[in-house]
$ cat final.txt   # compact mmCIF, C-alpha atoms and all ligand atoms
# COMPACT_ATOMS: atom_id res chain seq x y z
CA MET A 1 -22.36 0.84 15.97
CA ARG A 2 -20.90 0.33 12.47
CA THR A 3 -23.38 0.04 9.62
CA PRO A 4 -22.67 -2.45 6.82
CA TYR A 5 -24.31 -0.09 4.34
CA ALA A 6 -21.84 2.80 4.43
CA TYR A 7 -18.07 3.18 4.62
CA ALA A 8 -16.72 4.90 7.70
CA ARG A 9 -13.12 4.74 8.80
CA ARG A 10 -12.62 3.86 12.45
CA ALA A 11 -11.88 7.00 14.45
CA SER A 12 -8.25 7.24 15.51
CA ARG A 13 -5.90 10.01 16.55
CA THR A 14 -2.82 11.15 14.64
CA VAL A 15 0.45 9.80 16.01
CA ALA A 16 3.40 11.20 14.02
CA THR A 17 2.13 10.54 10.46
CA ILE A 18 -0.14 7.58 11.21
CA GLY A 19 -3.87 7.54 11.91
CA HIS A 20 -6.87 9.90 11.70
CA ASP A 21 -7.02 11.34 8.17
CA HIS A 22 -3.58 10.15 7.02
CA VAL A 23 -3.64 7.54 4.28
CA PRO A 24 -2.87 4.07 5.61
CA ARG A 25 0.90 3.72 6.03
CA VAL A 26 3.02 0.82 4.86
CA ILE A 27 5.64 -0.70 7.14
CA ALA A 28 8.29 -2.94 5.59
CA ASN A 29 9.26 -5.83 7.83
CA LEU A 30 13.04 -6.07 7.37
CA ALA A 31 13.76 -7.73 10.69
CA ASP A 32 14.72 -11.09 9.18
CA GLN A 33 16.21 -9.73 5.96
CA THR A 34 19.85 -9.02 5.19
CA ILE A 35 20.14 -5.30 4.49
CA SER A 36 23.78 -4.34 4.09
CA ARG A 37 23.77 -1.98 1.09
CA MET A 38 21.68 1.04 0.24
CA GLU A 39 20.69 -0.70 -3.00
CA ASP A 40 18.91 -3.39 -0.96
CA LEU A 41 16.13 -0.89 -0.19
CA ALA A 42 15.10 -0.61 -3.85
CA ALA A 43 12.86 -3.61 -3.17
CA ILE A 44 10.74 -1.52 -0.80
CA GLY A 45 10.60 1.55 -3.05
CA HIS A 46 13.66 3.59 -2.00
CA VAL A 47 16.18 3.99 -4.80
CA TYR A 48 19.66 5.26 -4.00
CA ASP A 49 21.65 7.09 -6.65
CA PRO A 50 25.38 6.94 -5.76
CA THR A 51 26.30 9.61 -8.32
CA THR A 52 24.16 12.26 -6.63
CA ASP A 53 24.22 10.61 -3.20
CA LYS A 54 20.46 11.07 -3.03
CA TRP A 55 17.44 8.86 -2.39
CA ALA A 56 14.38 8.80 -4.63
CA MET A 57 11.13 7.55 -3.14
CA ARG A 58 8.73 5.73 -5.45
CA ASP A 59 4.99 6.26 -5.11
CA GLN A 60 4.85 2.76 -3.68
CA ALA A 61 7.51 3.01 -1.00
CA ALA A 62 7.27 1.94 2.63
CA GLU A 63 7.41 4.89 5.03
CA PHE A 64 8.44 2.87 8.08
CA LEU A 65 11.15 0.21 8.24
CA TYR A 66 10.80 -2.38 10.98
CA MET A 67 14.40 -3.43 11.61
CA GLY A 68 13.92 -5.49 14.81
CA SER A 69 17.30 -5.71 16.52
CA SER A 70 19.44 -4.83 13.48
CA PRO A 71 19.39 -1.11 12.65
CA LEU A 72 20.32 -0.01 9.16
CA PRO A 73 24.12 0.16 8.72
CA PHE A 74 23.64 3.50 6.90
CA MET A 75 21.45 6.57 7.25
CA ALA A 76 17.77 5.81 6.60
CA PRO A 77 16.25 7.15 3.35
CA THR A 78 14.69 10.60 3.47
CA GLY A 79 11.11 10.49 4.72
CA THR A 80 11.40 7.14 6.50
CA ARG A 81 11.72 6.10 10.10
CA GLN A 82 13.22 2.96 11.52
CA LEU A 83 11.24 0.94 14.04
CA LEU A 84 13.55 -0.87 16.49
CA ASP A 85 12.86 -3.41 19.21
CA VAL A 86 13.07 -1.55 22.47
CA PRO A 87 16.46 -2.86 23.74
CA THR A 88 18.03 -1.86 20.39
CA TRP A 89 16.28 1.53 20.43
CA THR A 90 17.52 2.16 23.98
CA ALA A 91 21.12 1.58 22.87
CA HIS A 92 20.77 3.54 19.61
CA SER A 93 22.41 6.94 19.17
CA ASP A 94 19.40 8.45 17.41
CA GLN A 95 16.44 7.88 19.66
CA PHE A 96 14.34 10.60 18.00
CA TYR A 97 14.31 9.45 14.37
CA CYS A 98 14.13 5.83 15.43
CA VAL A 99 10.94 4.60 17.07
CA PRO A 100 10.76 1.92 19.79
CA VAL A 101 8.69 -1.23 19.36
CA PHE A 102 7.42 -2.63 22.66
CA SER A 103 5.61 -5.78 23.63
CA ILE A 104 2.73 -5.18 26.02
CA ASP A 105 4.89 -6.21 28.99
CA THR A 106 7.86 -4.03 28.04
CA TYR A 107 5.54 -1.09 27.38
CA LEU A 108 3.90 -1.37 30.80
CA GLN A 109 7.28 -1.69 32.54
CA ALA A 110 9.11 0.95 30.47
CA THR A 111 10.99 3.71 32.24
CA ALA A 112 11.78 5.50 28.95
CA ARG A 113 9.52 5.96 25.97
CA HIS A 114 9.59 8.04 22.78
CA ALA A 115 8.10 11.53 23.13
CA VAL A 116 6.01 11.22 19.95
CA MET A 117 5.45 7.62 18.91
CA ASN A 118 5.61 4.27 20.67
CA VAL A 119 4.67 1.12 18.81
CA VAL A 120 3.11 -1.67 20.86
CA ARG A 121 3.26 -4.95 18.96
CA CYS A 122 0.79 -7.57 20.11
CA THR A 123 -1.69 -10.24 19.11
CA CYS A 124 -5.45 -10.12 19.55
CA ASP A 125 -5.45 -12.61 22.45
CA GLN A 126 -2.98 -10.41 24.39
CA LEU A 127 -5.18 -7.35 24.09
CA THR A 128 -7.51 -7.76 27.05
CA ALA A 129 -9.98 -5.05 28.12
CA ASP A 130 -7.69 -4.20 31.03
CA ILE A 131 -4.71 -3.70 28.70
CA VAL A 132 -6.75 -1.60 26.27
CA GLN A 133 -7.79 0.67 29.14
CA GLN A 134 -4.14 1.10 30.16
CA LEU A 135 -3.09 1.96 26.59
CA ALA A 136 -6.02 4.28 25.81
CA PRO A 137 -4.83 7.46 27.59
CA ASP A 138 -1.39 7.42 25.92
CA SER A 139 -1.55 9.67 22.82
CA THR A 140 1.80 8.31 21.55
CA VAL A 141 0.76 4.67 21.15
CA VAL A 142 0.40 2.94 17.77
CA LEU A 143 -0.78 -0.67 17.91
CA LEU A 144 0.88 -3.15 15.58
CA LEU A 145 -1.76 -5.85 15.77
CA SER A 146 -1.81 -9.40 14.42
CA SER A 147 -3.73 -12.57 15.14
CA THR A 148 -2.77 -16.21 15.44
CA ALA A 149 -6.41 -17.35 15.40
CA PRO A 150 -7.51 -19.72 12.61
CA SER A 151 -9.60 -16.90 11.13
CA TYR A 152 -7.39 -13.81 11.04
CA TYR A 153 -10.14 -11.60 9.66
CA THR A 154 -12.85 -12.35 12.23
CA SER A 155 -10.41 -12.29 15.13
CA MET A 156 -8.93 -8.92 14.09
CA ARG A 157 -12.32 -7.42 13.38
CA ALA A 158 -13.75 -8.48 16.75
CA THR A 159 -10.69 -7.19 18.61
CA ILE A 160 -10.65 -3.83 16.83
CA ASP A 161 -14.39 -3.42 17.48
CA THR A 162 -13.79 -4.12 21.18
CA CYS A 163 -10.96 -1.55 21.23
CA THR A 164 -13.30 1.00 19.64
CA ASP A 165 -16.06 0.25 22.17
CA LEU A 166 -13.53 0.78 24.98
CA GLY A 167 -12.57 4.20 23.57
CA LEU A 168 -9.12 3.34 22.21
CA LEU A 169 -8.09 6.00 19.69
CA ALA A 170 -4.58 4.69 19.02
CA PRO A 171 -3.95 4.03 15.31
CA ILE A 172 -3.97 0.32 14.53
CA VAL A 173 -1.58 -1.14 11.94
CA LEU A 174 -2.58 -4.56 10.58
CA GLU A 175 0.28 -7.06 10.69
CA ARG A 176 -0.04 -10.17 8.53
CA GLU A 177 2.46 -12.86 7.55
CA VAL A 178 1.39 -15.36 4.90
CA ARG A 179 3.48 -18.28 3.69
CA ALA A 180 2.19 -20.70 1.06
CA ALA A 181 3.54 -23.04 -1.59
CA ALA A 182 2.54 -20.63 -4.36
CA ILE A 183 2.62 -16.84 -4.41
CA ASP A 184 -0.93 -16.80 -5.83
CA ALA A 185 -2.17 -18.40 -2.61
CA CYS A 186 -0.32 -15.75 -0.56
CA VAL A 187 -1.97 -13.02 -2.61
CA LEU A 188 -5.39 -14.58 -2.11
CA TYR A 189 -5.11 -15.01 1.68
CA ALA A 190 -3.48 -11.64 2.33
CA SER A 191 -5.97 -9.79 0.14
CA THR A 192 -9.05 -11.32 1.70
CA ASP A 193 -7.77 -10.80 5.23
CA LEU A 194 -6.41 -7.26 4.94
CA GLY A 195 -8.80 -6.14 2.22
CA GLY A 196 -11.82 -7.24 4.22
CA LEU A 197 -10.72 -5.16 7.20
CA LEU A 198 -9.76 -2.10 5.16
CA VAL A 199 -13.10 -1.91 3.30
CA ASP A 200 -14.72 -1.94 6.73
CA GLY A 201 -12.66 1.14 7.63
CA LEU A 202 -10.39 -0.82 10.00
CA GLY A 203 -6.66 -0.24 9.76
CA ASP A 204 -4.37 2.78 9.77
CA GLY A 205 -1.60 0.90 8.02
CA THR A 206 -0.25 -2.52 7.12
CA MET A 207 2.86 -4.57 7.76
CA LEU A 208 2.55 -7.44 5.30
CA GLY A 209 4.97 -10.24 4.57
CA VAL A 210 4.22 -12.83 1.90
CA GLY A 211 6.45 -15.51 0.45
CA THR A 212 6.88 -19.09 -0.57
CA SER A 213 9.80 -19.77 1.81
CA ASP A 214 10.61 -18.88 5.42
CA HIS A 215 11.67 -15.39 4.40
CA ALA A 216 9.12 -12.98 2.99
CA ASP A 217 9.60 -11.78 -0.57
CA LEU A 218 10.18 -8.09 0.12
CA GLN A 219 9.24 -6.73 -3.26
CA GLN A 220 6.09 -8.84 -3.52
CA SER A 221 5.09 -7.89 0.02
CA ILE A 222 5.33 -4.14 -0.54
CA ARG A 223 3.70 -4.28 -3.96
CA LEU A 224 0.85 -6.36 -2.60
CA ALA A 225 0.35 -4.07 0.38
CA PHE A 226 -0.06 -1.08 -1.95
CA THR A 227 -2.26 -3.07 -4.32
CA ILE A 228 -4.59 -4.01 -1.47
CA LEU A 229 -4.75 -0.37 -0.35
CA GLN A 230 -5.53 0.69 -3.92
CA ALA A 231 -8.17 -2.01 -4.38
CA THR A 232 -9.88 -0.95 -1.16
CA ARG A 233 -9.60 2.68 -2.33
CA THR A 234 -7.96 3.68 0.90
CA ARG A 235 -4.73 4.82 -0.78
CA MET A 236 -4.30 5.45 -4.50
CA THR A 237 -0.69 5.14 -5.66
CA LYS A 238 -0.92 3.91 -9.22
CA THR A 239 -3.02 3.87 -12.34
CA GLU A 240 -6.45 2.29 -12.15
CA TYR A 241 -7.74 0.23 -15.07
CA ILE A 242 -11.33 -0.49 -15.93
CA SER A 243 -11.67 -3.15 -18.53
CA CYS A 244 -14.68 -4.98 -19.90
CA PRO A 245 -14.94 -8.76 -19.51
CA SER A 246 -14.87 -9.16 -23.35
CA CYS A 247 -17.49 -10.94 -25.45
CA GLY A 248 -18.31 -11.69 -29.09
CA ARG A 249 -18.17 -7.98 -29.96
CA THR A 250 -14.58 -7.53 -28.71
CA GLN A 251 -12.40 -5.99 -31.44
CA PHE A 252 -8.94 -6.86 -30.09
CA ASP A 253 -7.10 -9.21 -27.74
CA LEU A 254 -8.20 -7.63 -24.49
CA GLN A 255 -5.62 -9.33 -22.24
CA GLU A 256 -2.66 -8.59 -24.48
CA THR A 257 -3.77 -4.99 -25.06
CA THR A 258 -4.45 -4.36 -21.38
CA ALA A 259 -1.00 -5.74 -20.50
CA ARG A 260 0.59 -3.49 -23.15
CA ILE A 261 -1.19 -0.35 -21.95
CA ARG A 262 -0.42 -1.24 -18.34
CA SER A 263 3.28 -1.72 -19.06
CA HIS A 264 3.48 1.89 -20.32
CA THR A 265 1.16 3.61 -17.86
CA ASP A 266 1.02 1.79 -14.53
CA HIS A 267 3.13 4.43 -12.76
CA LEU A 268 0.57 7.21 -13.28
CA LYS A 269 -0.79 7.80 -9.82
CA GLY A 270 -4.52 8.56 -9.69
CA VAL A 271 -5.24 8.16 -13.44
CA LYS A 272 -8.14 5.88 -14.48
CA ILE A 273 -7.98 4.28 -17.93
CA GLY A 274 -10.88 2.38 -19.47
CA ILE A 275 -9.99 -0.39 -21.94
CA MET A 276 -13.12 -1.55 -23.71
CA GLY A 277 -13.55 -4.15 -26.42
CA CYS A 278 -16.24 -2.39 -28.45
CA ILE A 279 -17.76 1.01 -29.02
CA VAL A 280 -21.31 -0.30 -28.68
CA ASN A 281 -21.28 -0.67 -24.90
CA GLY A 282 -17.70 0.29 -23.96
CA PRO A 283 -18.17 4.03 -23.38
CA GLY A 284 -21.06 3.37 -20.99
CA GLU A 285 -19.10 0.75 -19.07
CA MET A 286 -16.15 3.11 -18.50
CA ALA A 287 -18.31 6.03 -17.38
CA ASP A 288 -15.95 7.28 -14.63
CA ALA A 289 -12.63 6.72 -16.46
CA ASP A 290 -10.33 9.66 -17.23
CA TYR A 291 -9.30 8.16 -20.57
CA GLY A 292 -10.72 5.46 -22.79
CA TYR A 293 -9.17 3.04 -25.31
CA VAL A 294 -12.09 1.52 -27.18
CA GLY A 295 -12.22 -0.94 -30.06
CA SER A 296 -14.25 0.60 -32.89
CA GLY A 297 -13.59 -1.94 -35.67
CA PRO A 298 -11.02 -4.48 -36.82
CA ASP A 299 -7.61 -2.92 -36.05
CA ARG A 300 -9.34 0.38 -35.26
CA ILE A 301 -9.34 2.23 -31.94
CA THR A 302 -11.23 5.28 -30.71
CA LEU A 303 -9.63 7.25 -27.89
CA TYR A 304 -11.60 9.15 -25.27
CA ARG A 305 -10.93 11.84 -22.73
CA GLY A 306 -13.64 11.19 -20.17
CA GLN A 307 -16.76 10.68 -22.29
CA ASP A 308 -15.50 12.82 -25.19
CA ILE A 309 -13.98 11.30 -28.32
CA VAL A 310 -10.51 12.72 -28.98
CA GLN A 311 -9.38 10.49 -31.86
CA ARG A 312 -11.81 8.35 -33.84
CA ASN A 313 -11.04 5.10 -35.69
CA ILE A 314 -7.25 5.39 -35.63
CA PRO A 315 -5.12 2.32 -36.54
CA SER A 316 -4.46 0.11 -33.51
CA ASP A 317 -0.72 0.25 -34.32
CA GLY A 318 0.43 3.35 -32.48
CA ALA A 319 -2.86 3.84 -30.58
CA VAL A 320 -1.11 3.34 -27.23
CA ASP A 321 1.38 6.09 -28.15
CA SER A 322 -1.53 8.35 -29.08
CA LEU A 323 -3.17 7.63 -25.72
CA ILE A 324 0.07 8.59 -23.97
CA ASP A 325 0.22 11.80 -26.05
CA ILE A 326 -3.28 12.73 -24.87
CA ILE A 327 -2.29 12.13 -21.24
CA LYS A 328 0.84 14.23 -21.81
CA SER A 329 -1.18 17.06 -23.36
CA ASP A 330 -3.28 17.11 -20.17
CA ASP A 331 -0.10 17.46 -18.09
CA ARG A 332 -0.85 14.20 -16.28
CA TRP A 333 2.17 12.29 -17.55
CA VAL A 334 5.28 11.64 -15.47
CA GLU A 335 8.30 9.63 -16.56
CA PRO A 336 8.62 6.28 -14.77
CA LEU A 337 11.32 6.15 -12.10
CA THR A 338 14.12 3.82 -13.17
CA HIS A 339 16.97 2.26 -11.29
CA PRO A 340 20.18 4.29 -11.59
S1 LIG B 1 -17.72 -3.40 -23.86
FE1 LIG B 1 -18.35 -4.39 -25.77
S2 LIG B 1 -16.79 -5.99 -26.05
FE2 LIG B 1 -16.68 -5.38 -23.90
S3 LIG B 1 -18.03 -6.82 -22.85
FE3 LIG B 1 -19.22 -4.97 -23.27
S4 LIG B 1 -20.24 -5.44 -25.23
FE4 LIG B 1 -18.56 -6.93 -25.02
$ encode --input "final.txt" --output "structure tokens" --more "lines below"
Ligand code: SF4
Amino acid sequence: MRTPYAYARRASRTVATIGHDHVPRVIANLADQTISRMEDLAAIGHVYDPTTDKWAMRDQAAEFLYMGSSPLPFMAPTGTRQLLDVPTWTAHSDQFYCVPVFSIDTYLQATARHAVMNVVRCTCDQLTADIVQQLAPDSTVVLLLSSTAPSYYTSMRATIDTCTDLGLLAPIVLEREVRAAAIDACVLYASTDLGGLLVDGLGDGTMLGVGTSDHADLQQSIRLAFTILQATRTRMTKTEYISCPSCGRTQFDLQETTARIRSHTDHLKGVKIGIMGCIVNGPGEMADADYGYVGSGPDRITLYRGQDIVQRNIPSDGAVDSLIDIIKSDDRWVEPLTHP
């Protein structure tokens, strides 16, 4: 029985690179997108450089590409695998690096399956106890699970709990499609649904599509998936910021300064930066930050490494550059990846 007072990830087995102690994986749903050029994959974190004929993978790049019935017209980026609907996979020349996606019926009737990984895509209402018991012994199954119930979160949570009670160890990837008139609404719904499950330790990956029209916005979808994983602390892929709410003591424009620091540093995976409005309470409020940018007077900033002051009362002009220099001197700086 799961306790609400402690985090524990649902037990699952490793299938290929999904499940058990692997970080939650991100699947890009490209099935209804037009992908004709290598450059089209930059939106999901894979950047092709034609001069070197090489792919670069961003920290926030999808590892699996769900292509439905339209395989990529070129070789998949290094480190990725295509997921193909089973009739397309059956006809494909590379049945090892591509992975079949079954429905429950096609899985049960299949005469050929992948030796390592078979994705079974289904909804909560299709996953009866009888089906779970038929899937449980297969150590190659990954469930790609979604729900059409009015409450996605409660439906998914109840179904995953039932799977656990029935001994299913297959990794479960959370599939969610959200369409709304405004992208902010998509962010809200997707975050509460997926985030709620992930903080409960449920989910070995996500396949998220958000958008304001029929087609998902690819870039937004992948970014949001990684942001939700970061916020639930299940997968850290970018800089984390701790900033105070601001009050009468605040010595600078907190929003503008945070945006400026973020624009220079948000590619630094695993670094925590505290941005605090005053030196009276700021250092205490950023206790677990790696670096601190703290207002210590009008147009004056004090920079911290952990809880230690590194530069005191320096002019705010150039303070962001000084912060970057400190990060560089600690060998924690990397140059941001840019489009070729
Ligand atoms: S750190 Fe200082 S400026 Fe920020 S909320 Fe606390 S007291 Fe106010």
$ residues_near_ligand --input "final.txt" --ligand "ligand LIG 1 (chain B)" --cutoff "10 Å" --atoms "only C-alpha atoms and all ligand atoms" --output "list in words"
Ser243, Cys244, Pro245, Ser246, Cys247, Gly248, Arg249, Thr250, Gln251, Phe252, Leu254, Gly274, Ile275, Met276, Gly277, Cys278, Ile279, Val280, Asn281, Gly282, Pro283, Gly284, Glu285, Met286, Val294, Gly295 and Ser296 of chain A
$ atom_distance --input "final.txt" --atom1 "CA of Ser103 in chain A" --atom2 "CA of Leu143 in chain A"
10.0 Å
$ residues_around --input "final.txt" --residues "range 301-303 of chain A" --least-positions-apart "5" --cutoff "6 Å" --atoms "only C-alpha atoms" --output "MDAnalysis selection string"
chainID A and resid 292:296 309:314 316
$ closest_residue --input "final.txt" --among "A:Glu177, A:His92, A:Ala11, A:Val119" --to "Phe64 in chain A" --atoms "only C-alpha atoms"
A:Val119
$ closest_residue --input "final.txt" --among "A:Leu166, A:Ile261, A:Leu65, A:Ala289" --to "Val26 in chain A" --atoms "all atoms listed in the file"
A:Leu65
$ closest_atom_pairs --input "final.txt" --of "range 58-99 of chain A" --to "range 36-45 of chain A" --cutoff "7 Å" --atoms "only C-alpha atoms" --output "tab-separated table"
residue	atom	partner	partner_atom	distance
A:Arg58	CA	A:Gly45	CA	5.2
A:Gln60	CA	A:Gly45	CA	5.9
A:Ala61	CA	A:Gly45	CA	4.0
A:Ala62	CA	A:Ile44	CA	6.0
A:Pro73	CA	A:Ser36	CA	6.5
$ write_last_selection --input "final.txt" --atoms "C-alpha atoms" --output "PDB file, keeping the file's coordinate frame"
ATOM      1  CA  ARG A  58       8.730   5.730  -5.450  1.00  0.00           C
ATOM      2  CA  GLN A  60       4.850   2.760  -3.680  1.00  0.00           C
ATOM      3  CA  ALA A  61       7.510   3.010  -1.000  1.00  0.00           C
ATOM      4  CA  ALA A  62       7.270   1.940   2.630  1.00  0.00           C
ATOM      5  CA  PRO A  73      24.120   0.160   8.720  1.00  0.00           C
TER       6      PRO A  73
END
$ atom_distance --input "final.txt" --atom1 "CA of Ala136 in chain A" --atom2 "CA of Arg9 in chain A"
18.4 Å
$ residues_around --input "final.txt" --residues "Phe96 in chain A" --least-positions-apart "6" --cutoff "9 Å" --atoms "only C-alpha atoms" --output "list of chain:residue names"
A:His114, A:Ala115, A:Val116
$ atom_distance --input "final.txt" --atom1 "CA of Asp85 in chain A" --atom2 "CA of Gly68 in chain A"
5.0 Å
$ closest_residue --input "final.txt" --among "A:Thr52, A:Thr159, A:Thr17, A:Ser146" --to "Leu208 in chain A" --atoms "only C-alpha atoms"
A:Ser146
$ closest_residue --input "final.txt" --among "A:Gly318, A:Val178, A:Glu335, A:Thr239" --to "Asp217 in chain A" --atoms "all atoms listed in the file"
A:Val178
$ closest_residue --input "final.txt" --among "A:Gln307, A:Thr265, A:Asn118, A:Thr106" --to "Lys328 in chain A" --atoms "all atoms listed in the file"
A:Thr265
$ closest_residue --input "final.txt" --among "A:Ala231, A:Leu84, A:Ala259, A:Val47" --to "Leu198 in chain A" --atoms "all atoms listed in the file"
A:Ala231
$ decode --input "final.txt" --residues "range 249-258 of chain A" --atoms "all heavy atoms" --output "PDB file, in the first residue's frame"
ATOM      1  N   ARG A 249      11.401  45.078   0.997  1.00  0.00           N
ATOM      2  CA  ARG A 249      12.866  45.142   1.125  1.00  0.00           C
ATOM      3  C   ARG A 249      13.583  44.907  -0.214  1.00  0.00           C
ATOM      4  O   ARG A 249      14.794  45.092  -0.299  1.00  0.00           O
ATOM      5  CB  ARG A 249      13.359  44.053   2.071  1.00  0.00           C
ATOM      6  CG  ARG A 249      12.955  44.198   3.512  1.00  0.00           C
ATOM      7  CD  ARG A 249      13.661  43.086   4.290  1.00  0.00           C
ATOM      8  NE  ARG A 249      13.090  42.864   5.603  1.00  0.00           N
ATOM      9  CZ  ARG A 249      13.532  43.428   6.717  1.00  0.00           C
ATOM     10  NH1 ARG A 249      14.512  44.302   6.652  1.00  0.00           N
ATOM     11  NH2 ARG A 249      12.986  43.140   7.871  1.00  0.00           N
ATOM     12  N   THR A 250      12.849  44.459  -1.228  1.00  0.00           N
ATOM     13  CA  THR A 250      13.477  44.035  -2.488  1.00  0.00           C
ATOM     14  C   THR A 250      14.288  45.178  -3.115  1.00  0.00           C
ATOM     15  O   THR A 250      13.787  46.292  -3.244  1.00  0.00           O
ATOM     16  CB  THR A 250      12.398  43.551  -3.486  1.00  0.00           C
ATOM     17  OG1 THR A 250      11.615  42.576  -2.828  1.00  0.00           O
ATOM     18  CG2 THR A 250      13.024  42.936  -4.713  1.00  0.00           C
ATOM     19  N   GLN A 251      15.524  44.868  -3.502  1.00  0.00           N
ATOM     20  CA  GLN A 251      16.456  45.900  -3.976  1.00  0.00           C
ATOM     21  C   GLN A 251      16.510  46.023  -5.496  1.00  0.00           C
ATOM     22  O   GLN A 251      17.246  46.864  -6.009  1.00  0.00           O
ATOM     23  CB  GLN A 251      17.870  45.593  -3.462  1.00  0.00           C
ATOM     24  CG  GLN A 251      17.976  45.552  -1.958  1.00  0.00           C
ATOM     25  CD  GLN A 251      17.850  46.939  -1.330  1.00  0.00           C
ATOM     26  OE1 GLN A 251      18.015  47.959  -1.987  1.00  0.00           O
ATOM     27  NE2 GLN A 251      17.534  46.959  -0.045  1.00  0.00           N
ATOM     28  N   PHE A 252      15.815  45.162  -6.216  1.00  0.00           N
ATOM     29  CA  PHE A 252      15.833  45.288  -7.687  1.00  0.00           C
ATOM     30  C   PHE A 252      14.538  44.710  -8.247  1.00  0.00           C
ATOM     31  O   PHE A 252      13.755  44.098  -7.514  1.00  0.00           O
ATOM     32  CB  PHE A 252      17.060  44.571  -8.299  1.00  0.00           C
ATOM     33  CG  PHE A 252      17.236  43.141  -7.840  1.00  0.00           C
ATOM     34  CD1 PHE A 252      16.452  42.116  -8.338  1.00  0.00           C
ATOM     35  CD2 PHE A 252      18.212  42.819  -6.893  1.00  0.00           C
ATOM     36  CE1 PHE A 252      16.625  40.801  -7.917  1.00  0.00           C
ATOM     37  CE2 PHE A 252      18.389  41.514  -6.462  1.00  0.00           C
ATOM     38  CZ  PHE A 252      17.593  40.500  -6.972  1.00  0.00           C
ATOM     39  N   ASP A 253      14.330  44.912  -9.541  1.00  0.00           N
ATOM     40  CA  ASP A 253      13.143  44.361 -10.204  1.00  0.00           C
ATOM     41  C   ASP A 253      13.337  42.838 -10.322  1.00  0.00           C
ATOM     42  O   ASP A 253      14.100  42.363 -11.172  1.00  0.00           O
ATOM     43  CB  ASP A 253      12.979  45.011 -11.584  1.00  0.00           C
ATOM     44  CG  ASP A 253      11.721  44.527 -12.294  1.00  0.00           C
ATOM     45  OD1 ASP A 253      11.330  43.358 -12.062  1.00  0.00           O
ATOM     46  OD2 ASP A 253      11.143  45.302 -13.069  1.00  0.00           O
ATOM     47  N   LEU A 254      12.657  42.124  -9.454  1.00  0.00           N
ATOM     48  CA  LEU A 254      12.912  40.688  -9.339  1.00  0.00           C
ATOM     49  C   LEU A 254      12.558  39.938 -10.628  1.00  0.00           C
ATOM     50  O   LEU A 254      13.299  39.060 -11.070  1.00  0.00           O
ATOM     51  CB  LEU A 254      12.104  40.130  -8.163  1.00  0.00           C
ATOM     52  CG  LEU A 254      12.599  38.824  -7.589  1.00  0.00           C
ATOM     53  CD1 LEU A 254      13.942  38.985  -6.910  1.00  0.00           C
ATOM     54  CD2 LEU A 254      11.598  38.284  -6.594  1.00  0.00           C
ATOM     55  N   GLN A 255      11.431  40.307 -11.236  1.00  0.00           N
ATOM     56  CA  GLN A 255      10.990  39.593 -12.456  1.00  0.00           C
ATOM     57  C   GLN A 255      11.953  39.819 -13.608  1.00  0.00           C
ATOM     58  O   GLN A 255      12.376  38.885 -14.283  1.00  0.00           O
ATOM     59  CB  GLN A 255       9.599  40.057 -12.857  1.00  0.00           C
ATOM     60  CG  GLN A 255       8.515  39.237 -12.181  1.00  0.00           C
ATOM     61  CD  GLN A 255       7.159  39.579 -12.753  1.00  0.00           C
ATOM     62  OE1 GLN A 255       6.849  40.755 -12.938  1.00  0.00           O
ATOM     63  NE2 GLN A 255       6.356  38.583 -13.029  1.00  0.00           N
ATOM     64  N   GLU A 256      12.312  41.087 -13.790  1.00  0.00           N
ATOM     65  CA  GLU A 256      13.215  41.428 -14.904  1.00  0.00           C
ATOM     66  C   GLU A 256      14.586  40.795 -14.689  1.00  0.00           C
ATOM     67  O   GLU A 256      15.183  40.231 -15.610  1.00  0.00           O
ATOM     68  CB  GLU A 256      13.305  42.974 -14.994  1.00  0.00           C
ATOM     69  CG  GLU A 256      14.090  43.497 -16.172  1.00  0.00           C
ATOM     70  CD  GLU A 256      15.556  43.748 -15.856  1.00  0.00           C
ATOM     71  OE1 GLU A 256      15.868  44.085 -14.690  1.00  0.00           O
ATOM     72  OE2 GLU A 256      16.398  43.569 -16.761  1.00  0.00           O
ATOM     73  N   THR A 257      15.071  40.826 -13.447  1.00  0.00           N
ATOM     74  CA  THR A 257      16.399  40.261 -13.154  1.00  0.00           C
ATOM     75  C   THR A 257      16.389  38.747 -13.308  1.00  0.00           C
ATOM     76  O   THR A 257      17.316  38.158 -13.876  1.00  0.00           O
ATOM     77  CB  THR A 257      16.831  40.651 -11.723  1.00  0.00           C
ATOM     78  OG1 THR A 257      16.774  42.071 -11.617  1.00  0.00           O
ATOM     79  CG2 THR A 257      18.228  40.175 -11.420  1.00  0.00           C
ATOM     80  N   THR A 258      15.324  38.113 -12.802  1.00  0.00           N
ATOM     81  CA  THR A 258      15.229  36.655 -12.928  1.00  0.00           C
ATOM     82  C   THR A 258      15.202  36.264 -14.403  1.00  0.00           C
ATOM     83  O   THR A 258      15.884  35.318 -14.817  1.00  0.00           O
ATOM     84  CB  THR A 258      13.961  36.135 -12.212  1.00  0.00           C
ATOM     85  OG1 THR A 258      14.016  36.549 -10.845  1.00  0.00           O
ATOM     86  CG2 THR A 258      13.870  34.619 -12.276  1.00  0.00           C
TER      87      THR A 258
END
